[in-house]
Amino acid sequence: MDQDLLMKQIVEQVMQTMMNSGAMPASAPADDKGLKAGKVTAKNYPLAENMADQLKTPTGKPFNSLSYEKVISGEITADDMRISPETLEMQAQVAESVHREAFAGNLRRAAELIAVPDDRLLEIYNALRPYRSSKQDLIDIANELDQKYGAKTSAALVREAADVYEQRGRLKKF
């Protein structure tokens, strides 16, 4: 298969996935209030279709500016293809509008973790596995998340994990 054709198919598939990402179940009750008091609701969903003009990449490029041609020319980079914290917040508001508060919380935690580099996230993930870290290691990670990245909810979860691991004997053994 021609490399350009393959690349085009891959980019088109990624774009389609982005358009459909985070889809709420078809049976989710719709809120007929629409955008009210700055809130995004199920009526605005899917965002890529109904609010594309308000979506931006983490680098500030408008969602509508993403195209295959710009990927191939190098004008669009991998960083431009990521979701922004603002878009995740909009998705969280949609989830709340259909009474999916837990999902909304997950989206907000994801939004605050966007600032954390991927390699560091993987290190943190591994550190959270049982017997991998001391309580102080976990407290240090929580402080880093809180102070360096402003990820206060995630920091609180890591602190809670440190306490639970201590209670259950799941901390690193020396």
# chains A, B, ... in the order shown; residues from 1 in each chain; ligands from 1
>>> residues_around(residues="Phe63 (chain A)", least_positions_apart="5", cutoff="10 Å", atoms="only C-alpha atoms", output="PyMOL selection string")
chain A and resi 18-19+48+51-57+80-81+83
>>> closest_atom_pairs(of="region 88-126 of chain A", to="region 138-154 of chain A", cutoff="7 Å", atoms="only C-alpha atoms", output="Markdown table")
| residue | atom | partner | partner_atom | distance |
| --- | --- | --- | --- | --- |
| A:Arg109 | CA | A:Ser154 | CA | 6.4 |
| A:Glu112 | CA | A:Ala151 | CA | 5.1 |
| A:Leu113 | CA | A:Ala151 | CA | 6.3 |
| A:Ala115 | CA | A:Tyr149 | CA | 6.2 |
| A:Val116 | CA | A:Tyr149 | CA | 6.6 |
>>> atom_distance(atom1="CA of Gly74 (chain A)", atom2="CA of Asp119 (chain A)")
23.6 Å
